[in-house]
2 protein chains.
Amino acid sequence: MSVIERKKRDWLLRQGDILKAAERVFATKGYHKATIQDVAKEAQYAVGTIYLYFNHKEALYLDLIERKIADLIYEVKREVNKTGDAKEKIRVLVHQQLTYFEENHDFFRIYFSERGGVRWAIKDKVSKSVRDKFVKYLDYITELLKDAQEKLLIRKDLEAKRLAYVLTSMLSATIIPWLKGMCHKEKITDMTDFILDIFLKGVEQK
Amino acid sequence: MSVIERKKRDWLLRQGDILKAAERVFATKGYHKATIQDVAKEAQYAVGTIYLYFNHKEALYLDLIERKIADLIYEVKREVNKTGDAKEKIRVLVHQQLTYFEENHDFFRIYFSERGGVRWAIKDKVSKSVRDKFVKYLDYITELLKDAQEKLLIRKDLEAKRLAYVLTSMLSATIIPWLKGMCHKEKITDMTDFILDIFLKGVEQK
DNA sequence: CATATTTATGAATATCTATTCAAAGAATGA
DNA sequence: TCATTCTTTGAATAGATATTCATAAATATG
């Protein structure tokens, strides 16, 4: 490994440390209430140092989101691919996504609250990248549903793309109040089964 | 009408003007980007005047939300009560709520983005009032669904409260991306029918 | 009309925090 | 060891804006 490479690697590691610290801070205080000071302290760096790794606060936050979403999608796909059954794939998708939300509930509580709220000044690569990832993920889900339609598990008169849309919507809608602590009594898996029950019965081939 | 009463009435009218102006400003710029200066200009008052009618920015925003939600619920209930049919009540509920979202799309785009995002410092009456209204509304929907269960339109093995929860979630989930302009091609009524189709088939008594 | 009371004004204040940058500290290599 | 380069520091800066309050205008009163 060349000197240049080692330096790059070390730089990335330190950037990663800052991102981890930032995640904890943002998850606790929210984007607006969190200060660079807070992040610096959590990462055990000085304020100025943060700016050596991220151009500004927004970029730090957006980068964090991008990585988190990418990871969510990666985890979901990995689990889904473990089975070949079309219906089971859908079940695993729902379960895995809700589980990921649950495991990262502090992060997603902020994410769902402030993602759209912040009128991002920068319409740059990162912001676009998040959108692109979502579009691709939706396409992926659409394919799963189309497959289920082929296998006569889902009515063919329902457009798969719209269904993919409804399904992800239901997932977000389910988790948001849970994140807000309005229904913490519920186990997330129970909610999963409930949603899945309604969705599958709602779309099933008679 | 006594002098005191007239004064009170005038005060409320002026407060109402400020609220209307604030709604326009918040709907355009969002909570964080909007300044009291903006609101004052829109309402054609001086900055200081705003503070004669609201203690601070948060209170102004929360008051606005409270009224809007109250109005939404009022409108929905009024329409729902026009029919006696249990199934039709549900249809009207869904349709009316989505229509209200559509008619006030600028407001709700901000609302859904920043409602939870702002870590409200004040846990006061207004904030609590919004929550209470929602809880009552959920109870109301629960009753409608229970009624549909009695009439054997909906499976009895599904807990009505949870169903109410899922239904409102689906409504929010449907409208949020629409508000973000990600699917403006869709007419809102089409989306309504689609959601309703899935929900009702998903829960119907076989 | 003169006075008292209410209401509105907006410049000034106070606070907050993202961002910068000159200086200090570490690491490297000859 | 010493000079050079890379990295970190955190006090200082700059800009923003919520909130206040002394003053002015408007309105009511007798």
# chains A, B, ... in the order shown; residues from 1 in each chain; ligands from 1

$ interface_residues --of "chain C" --to "chain A" --cutoff "12 Å" --atoms "only C-alpha atoms (C1' of nucleotides)" --output "list in words"
DC16, DT17, DA18, DT19, DT20, DC21, DA27 and DT28 of chain C

$ write_last_selection --atoms "C-alpha atoms (C1' of nucleotides)" --output "PDB file, in the first residue's frame"
ATOM      1  C1'  DC C  16     -26.910  32.012  18.945  1.00  0.00           C
ATOM      2  C1'  DT C  17     -23.977  29.298  15.898  1.00  0.00           C
ATOM      3  C1'  DA C  18     -21.884  28.191  11.235  1.00  0.00           C
ATOM      4  C1'  DT C  19     -17.629  29.006   9.382  1.00  0.00           C
ATOM      5  C1'  DT C  20     -12.823  30.711   9.030  1.00  0.00           C
ATOM      6  C1'  DC C  21      -7.919  30.990   9.678  1.00  0.00           C
ATOM      7  C1'  DA C  27       4.476  13.186  11.728  1.00  0.00           C
ATOM      8  C1'  DT C  28       7.759  12.317   8.222  1.00  0.00           C
TER       9       DT C  28
END

$ interface_residues --of "chain D" --to "chain B" --cutoff "12 Å" --atoms "only C-alpha atoms (C1' of nucleotides)" --output "compact mmCIF listing (two decimals) with C-alpha atoms (C1' of nucleotides), in the first residue's frame"
# COMPACT_ATOMS: atom_id res chain seq x y z
C1' DA D 16 -28.81 35.98 11.05
C1' DT D 17 -33.08 36.81 13.54
C1' DA D 18 -36.20 36.31 17.71
C1' DT D 19 -37.60 39.42 21.04
C1' DT D 20 -38.01 43.84 23.59
C1' DC D 21 -39.38 48.44 24.72
C1' DT D 27 -58.86 55.77 19.33
C1' DA D 28 -62.05 56.42 23.01

$ closest_atom_pairs --of "range 7-92 of chain B" --to "range 139-158 of chain B" --cutoff "8 Å" --atoms "only C-alpha atoms" --output "tab-separated table"
residue	atom	partner	partner_atom	distance
B:Ala86	CA	B:Ala148	CA	5.4
B:Lys87	CA	B:Ala148	CA	6.5
B:Lys89	CA	B:Leu144	CA	7.4
B:Ile90	CA	B:Leu144	CA	7.2

$ write_last_selection --atoms "N, CA and C atoms" --output "PDB file, in the first residue's frame"
ATOM      1  N   ALA B  86     -72.566   2.420   6.474  1.00  0.00           N
ATOM      2  CA  ALA B  86     -71.290   2.212   7.152  1.00  0.00           C
ATOM      3  C   ALA B  86     -70.104   2.199   6.196  1.00  0.00           C
ATOM      4  N   LYS B  87     -70.286   1.520   5.069  1.00  0.00           N
ATOM      5  CA  LYS B  87     -69.179   1.440   4.115  1.00  0.00           C
ATOM      6  C   LYS B  87     -68.934   2.787   3.439  1.00  0.00           C
ATOM      7  N   LYS B  89     -69.515   5.629   4.664  1.00  0.00           N
ATOM      8  CA  LYS B  89     -68.874   6.528   5.632  1.00  0.00           C
ATOM      9  C   LYS B  89     -67.352   6.443   5.519  1.00  0.00           C
ATOM     10  N   ILE B  90     -66.868   5.222   5.409  1.00  0.00           N
ATOM     11  CA  ILE B  90     -65.420   5.037   5.296  1.00  0.00           C
ATOM     12  C   ILE B  90     -64.898   5.645   4.011  1.00  0.00           C
TER      13      ILE B  90
END

$ interface_residues --of "chain A" --to "chain B" --cutoff "10 Å" --atoms "only C-alpha atoms" --output "ChimeraX atom specification"
/A:29-33,109-119,158,162-163,165-177,180,191,194-204

$ write_last_selection --atoms "C-alpha atoms" --output "PDB file, in the first residue's frame"
ATOM      1  CA  LYS A  29     -30.989  16.456  19.222  1.00  0.00           C
ATOM      2  CA  GLY A  30     -32.278  16.636  15.675  1.00  0.00           C
ATOM      3  CA  TYR A  31     -30.692  18.479  12.804  1.00  0.00           C
ATOM      4  CA  HIS A  32     -31.538  22.021  13.786  1.00  0.00           C
ATOM      5  CA  LYS A  33     -30.806  21.746  17.472  1.00  0.00           C
ATOM      6  CA  ARG A 109     -36.958   9.423  14.078  1.00  0.00           C
ATOM      7  CA  ILE A 110     -34.898  12.418  13.000  1.00  0.00           C
ATOM      8  CA  TYR A 111     -34.786  11.342   9.393  1.00  0.00           C
ATOM      9  CA  PHE A 112     -38.534  11.140   9.007  1.00  0.00           C
ATOM     10  CA  SER A 113     -38.971  14.422  10.790  1.00  0.00           C
ATOM     11  CA  GLU A 114     -36.396  16.535   9.089  1.00  0.00           C
ATOM     12  CA  ARG A 115     -35.656  14.935   5.781  1.00  0.00           C
ATOM     13  CA  GLY A 116     -38.160  16.980   3.901  1.00  0.00           C
ATOM     14  CA  GLY A 117     -38.404  19.788   6.383  1.00  0.00           C
ATOM     15  CA  VAL A 118     -35.003  21.195   5.848  1.00  0.00           C
ATOM     16  CA  ARG A 119     -35.157  23.123   2.634  1.00  0.00           C
ATOM     17  CA  LEU A 158     -53.198  -3.524 -10.129  1.00  0.00           C
ATOM     18  CA  ARG A 162     -48.308   1.775  -7.731  1.00  0.00           C
ATOM     19  CA  LEU A 163     -48.420  -1.213  -5.437  1.00  0.00           C
ATOM     20  CA  TYR A 165     -45.519   2.699  -3.803  1.00  0.00           C
ATOM     21  CA  VAL A 166     -48.385   1.771  -1.519  1.00  0.00           C
ATOM     22  CA  LEU A 167     -46.342  -0.877   0.221  1.00  0.00           C
ATOM     23  CA  THR A 168     -43.409   1.382   1.038  1.00  0.00           C
ATOM     24  CA  SER A 169     -45.855   4.044   2.098  1.00  0.00           C
ATOM     25  CA  MET A 170     -47.476   1.621   4.500  1.00  0.00           C
ATOM     26  CA  LEU A 171     -44.096   0.777   5.919  1.00  0.00           C
ATOM     27  CA  SER A 172     -43.189   4.394   6.556  1.00  0.00           C
ATOM     28  CA  ALA A 173     -46.619   5.151   7.875  1.00  0.00           C
ATOM     29  CA  THR A 174     -46.400   2.234  10.252  1.00  0.00           C
ATOM     30  CA  ILE A 175     -43.051   3.085  11.636  1.00  0.00           C
ATOM     31  CA  ILE A 176     -43.413   6.825  12.033  1.00  0.00           C
ATOM     32  CA  PRO A 177     -45.887   6.807  14.923  1.00  0.00           C
ATOM     33  CA  LYS A 180     -42.694   8.900  17.940  1.00  0.00           C
ATOM     34  CA  MET A 191     -47.304  -4.679  13.355  1.00  0.00           C
ATOM     35  CA  PHE A 194     -50.847  -6.984  10.669  1.00  0.00           C
ATOM     36  CA  ILE A 195     -49.795  -4.807   7.735  1.00  0.00           C
ATOM     37  CA  LEU A 196     -48.805  -7.806   5.678  1.00  0.00           C
ATOM     38  CA  ASP A 197     -52.114  -9.488   6.393  1.00  0.00           C
ATOM     39  CA  ILE A 198     -54.071  -6.511   5.133  1.00  0.00           C
ATOM     40  CA  PHE A 199     -51.855  -5.784   2.182  1.00  0.00           C
ATOM     41  CA  LEU A 200     -51.700  -9.332   0.883  1.00  0.00           C
ATOM     42  CA  LYS A 201     -55.407  -9.958   1.337  1.00  0.00           C
ATOM     43  CA  GLY A 202     -56.081  -6.627  -0.313  1.00  0.00           C
ATOM     44  CA  VAL A 203     -54.155  -7.480  -3.421  1.00  0.00           C
ATOM     45  CA  GLU A 204     -54.466 -11.236  -3.660  1.00  0.00           C
TER      46      GLU A 204
END

$ select_by_dssp --residues "chain B" --states "helix (DSSP H, G or I)" --output "PyMOL selection string"
chain B and resi 3-29+36-43+47-53+57-80+86-103+105-114+125-150+160-179+188-203
